[in-house]
Structures are given as structure tokens and as C-alpha cells.
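Peer 1: One structure coming up, written as C-alpha cells, with questions to follow.
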Amino acid sequence: MNGTIFNIEHYAIHDGPGIRTTIFFKGCPLACLWCHNPEGLSVKPQIVYYRQRCVGCKKCVSLCTAGALSPRDGGISFDAGKCRLCGRCAESCPAEALEKVGRSVTAAEVIAEAEKDRIFYEESGGGVTFSGGEPFLQADFLRECLTLAKTRGLHTAVETSGFAPREAVEKAAPYVDLFLFDVKHIRAAEHRKYTGADNAPIKANLRRLSELGKEIVLRMVVIPNVNDDKEALEELCCFLRDETSVRTVNLLPLHKSASEKYRRLGREFAIEDFETPDDERMAAAARLFAEYGFRMLIDGQ
């Protein structure tokens, strides 16, 4: 079985315990305005343009039969909507200013790559983490990777939004040691507004994983005036306390470092005007969760 990934990160330290290898699956059913990995939204490969690398030779323009590339002062203009993903421009670029993001791999290839870091897992208590995108969008491929990882004795973690069919989550659960469960907003209307989808399946899957006794760390990006008002946070705390087994919450401050990724993909960076939380705001949110009895982490610490 083949799946599509867009990156493998070695020596990751923020995607579960210890030193880890993180496999980034391509494709996501949500459209979160603040997505940090926009190259993971589409399940299809994409062409990325690094303007600062471009030497202005225009070779790619002459090769593009789709009209996606055109000359401009000091470089090229890239229209992602016209691109047919033939990849000829990236293959021919002498400066590597164009890159095809996304490749097809087998589960065996993924785990073989992860096993290169086995010595670091053994010394640090690490393992392999499947992230994205949304790994459950390629549920069968994810499960094959997980089962193969467990046959090799590797610790496994899955970072997920929880927006997935319940059956897919249940089938994968026996092979997952840790779920890093990303919650965007507890309220349905706001969740639809900012992600394009209802959160009912997410809450249902969080309950189900709790029933199955799985280890879960809840993660939430704190976004001022979007999901950090006291009433919304208390509503989330009550849901977690009363209906799930979650005991650890990791709050992550919104940041805008992905703006360059959006520009490379020819996409709008929709959160340019969003406020980023300061230390005081993060601490206030953490105190509220702590009052409800949760073990608190801020940005993994």
C-alpha cells in the first residue's frame, strides 16, 4: 500500500516523548485559518516556489505548457491554480527555486526511515509520530504504518484533529501508544467558522478513545479573541473533565511563522491580522485549566 507524505523530520522533540521521527501525511479534511503546515492541506503533490533562491534564468517558464509560470522582474510569477503538477519545472531548476512537495511511499519505506533513529529512541524513550495534514485522511495507510512500527517494537504517536470516521480511529487505536489530540474550538458554530467543519465527530472520537483507555494529550493553539475567552475555556474544561480521560493539556501560542509557506504556495495568509498571545495571556489560560485539575504544559514545557 502506498501513501502520500510531504516530510520526514528526524530528531523531533515536540511531537511526543523523547527524540522522535515525525512523518507528515499529506491531506487534511479541515481548513483551519491558522494551519501551520499549509503544504499538508491538499492530498495531492504541489509545486512550491522559493523566490529568494530564483536566479531569474526563466528556463522553467519555457518548459511550462500549462501557463502556470510567467516572467517578472527578478524572477517568475507562479499561478498554482493552473499548475498540472508535471514537475518538469522543479526537475530543471538549476537553483532549486521550485520544489515538488509530496511523494508516494510505502509503509515499509516509512518505517525503514524511522528505524534509522532507533538508537535515539532507546536512549530517550522516543519513537515515531504520524502527523500531517491529518493522518486519518489516509486511514488504511496509517494503520499499515502503525502495525509495522509495532512489529518493530517502536513507540507510536498520532497527532490528529480527531475529524475522522469512528471506525478508522477504532481500528488504528490498538497500535497507537499516544494520541496528540488537537482541539480547535469547543463550540460548534465557532469551529465551523474557523475550520470549515463541525466538531461533533471530533468530540465523539475523543470520548471513544477515552473509553478505550488510550493515553491522550490534548493540544490547543491559543488564539486571542477566537478560542481563549474564559467561558469557552471553561466549557472545554468541563467537557474534558466529565466526558474524557484527558489529564494533560498542552497550550500552544499562535504564531505567524508559516506566512512564507503560504506565499510559496500562492495562498492567502488569512491570519495576518490575528493577535498573538503574550506570556500573561498564556499563563491565564493555563491557570484556568489547572484549576480544573489538569496537568499543564505551555508549548510542550
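Here, A, B, ... name the chains of the C-alpha cells in the order displayed, residue numbers run from 1 inside each chain, and ligands are numbered from 1 in the same displayed order.
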Extract the full set of alpha helix (DSSP H) residues from stretch 117-216 of chain A according to DSSP on the backbone, and format it as a ChimeraX atom specification.

Peer 2: /A:118-124,139-151,166-172,188-195,200-211

Peer 1: Which residues are close to A:Ala66, i.e. within 8 Å by only C-alpha atoms, leaving aside same-chain residues fewer than 5 positions away? Reply as a list in words.

Peer 2: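 After dropping sequence-adjacent residues, the list is Lys82, Cys83 and Arg84 of chain A.
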
Peer 1: With stretch 39-63 of chain A as the partner and 12 Å as the cut-off, tabulate the residues of stretch 84-186 of chain A that qualify, each row holding the nearest pair of atoms and their distance in Å to one decimal, using only C-alpha atoms, sorted by chain and rising number, as JSON lines.

Peer 2:
{"residue": "A:Arg84", "atom": "CA", "partner": "A:Gln46", "partner_atom": "CA", "distance": 9.1}
{"residue": "A:Leu85", "atom": "CA", "partner": "A:Gln46", "partner_atom": "CA", "distance": 6.5}
{"residue": "A:Cys86", "atom": "CA", "partner": "A:Ile47", "partner_atom": "CA", "distance": 9.3}
{"residue": "A:Gly87", "atom": "CA", "partner": "A:Ile47", "partner_atom": "CA", "distance": 7.4}
{"residue": "A:Arg88", "atom": "CA", "partner": "A:Leu63", "partner_atom": "CA", "distance": 7.0}
{"residue": "A:Cys89", "atom": "CA", "partner": "A:Cys60", "partner_atom": "CA", "distance": 4.7}
{"residue": "A:Ala90", "atom": "CA", "partner": "A:Ile47", "partner_atom": "CA", "distance": 7.7}
{"residue": "A:Glu91", "atom": "CA", "partner": "A:Cys60", "partner_atom": "CA", "distance": 9.2}
{"residue": "A:Ser92", "atom": "CA", "partner": "A:Cys60", "partner_atom": "CA", "distance": 6.9}
{"residue": "A:Cys93", "atom": "CA", "partner": "A:Cys60", "partner_atom": "CA", "distance": 6.6}
{"residue": "A:Pro94", "atom": "CA", "partner": "A:Val55", "partner_atom": "CA", "distance": 8.6}
{"residue": "A:Ala95", "atom": "CA", "partner": "A:Arg53", "partner_atom": "CA", "distance": 6.2}
{"residue": "A:Glu96", "atom": "CA", "partner": "A:Arg53", "partner_atom": "CA", "distance": 7.0}
{"residue": "A:Ala97", "atom": "CA", "partner": "A:Tyr50", "partner_atom": "CA", "distance": 4.8}
{"residue": "A:Leu98", "atom": "CA", "partner": "A:Tyr49", "partner_atom": "CA", "distance": 4.7}
{"residue": "A:Glu99", "atom": "CA", "partner": "A:Val48", "partner_atom": "CA", "distance": 5.2}
{"residue": "A:Lys100", "atom": "CA", "partner": "A:Ile47", "partner_atom": "CA", "distance": 4.5}
{"residue": "A:Val101", "atom": "CA", "partner": "A:Gln46", "partner_atom": "CA", "distance": 5.1}
{"residue": "A:Gly102", "atom": "CA", "partner": "A:Pro45", "partner_atom": "CA", "distance": 4.4}
{"residue": "A:Arg103", "atom": "CA", "partner": "A:Pro45", "partner_atom": "CA", "distance": 6.7}
{"residue": "A:Ser104", "atom": "CA", "partner": "A:Pro45", "partner_atom": "CA", "distance": 9.1}
{"residue": "A:Ser131", "atom": "CA", "partner": "A:Gly40", "partner_atom": "CA", "distance": 9.6}
{"residue": "A:Gly132", "atom": "CA", "partner": "A:Gly40", "partner_atom": "CA", "distance": 5.9}
{"residue": "A:Gly133", "atom": "CA", "partner": "A:Gly40", "partner_atom": "CA", "distance": 4.5}
{"residue": "A:Glu134", "atom": "CA", "partner": "A:Gly40", "partner_atom": "CA", "distance": 8.0}
{"residue": "A:Pro135", "atom": "CA", "partner": "A:Gly40", "partner_atom": "CA", "distance": 10.2}
{"residue": "A:Phe136", "atom": "CA", "partner": "A:Val43", "partner_atom": "CA", "distance": 11.8}
{"residue": "A:Leu137", "atom": "CA", "partner": "A:Val43", "partner_atom": "CA", "distance": 8.6}
{"residue": "A:Gln138", "atom": "CA", "partner": "A:Val43", "partner_atom": "CA", "distance": 9.0}

Peer 1: Using only C-alpha atoms, which protein or nucleic acid residues come within 9 Å of A:Leu206? Drop anything in the same chain fewer than 3 positions from it, and give the result as a list in words.

Peer 2: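 Here the answer would be Gly162, Phe181, Pro201, Ile202, Lys203, Leu209, Ser210, Glu211, Ile216, Leu240, Glu243, Thr244, Ser245 and Val246 of chain A.
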
Peer 1: Mind checking which residues fall within 9 Å of A:Ala31, counting only C-alpha atoms, ignoring those fewer than 4 positions away in the same chain, and posting them as a list of chain:residue names?

Peer 2: A:Cys35, A:Leu41, A:Tyr194, A:Thr195, A:Gly196, A:Ala197

Peer 1: What is the atom CA of A:Tyr262-atom CA of A:Leu30 distance in Å, reported with one decimal?

Peer 2: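 Straight-line distance from atom CA of A:Tyr262 to atom CA of A:Leu30 works out to 16.3 Å.
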
Peer 1: From the options A:Lys171, A:Lys261, A:Arg241, A:Arg72, which residue's atoms come nearest to A:Ala290, counting only C-alpha atoms?

Peer 2: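 Among the listed residues, the smallest separation from A:Ala290 belongs to A:Arg241.
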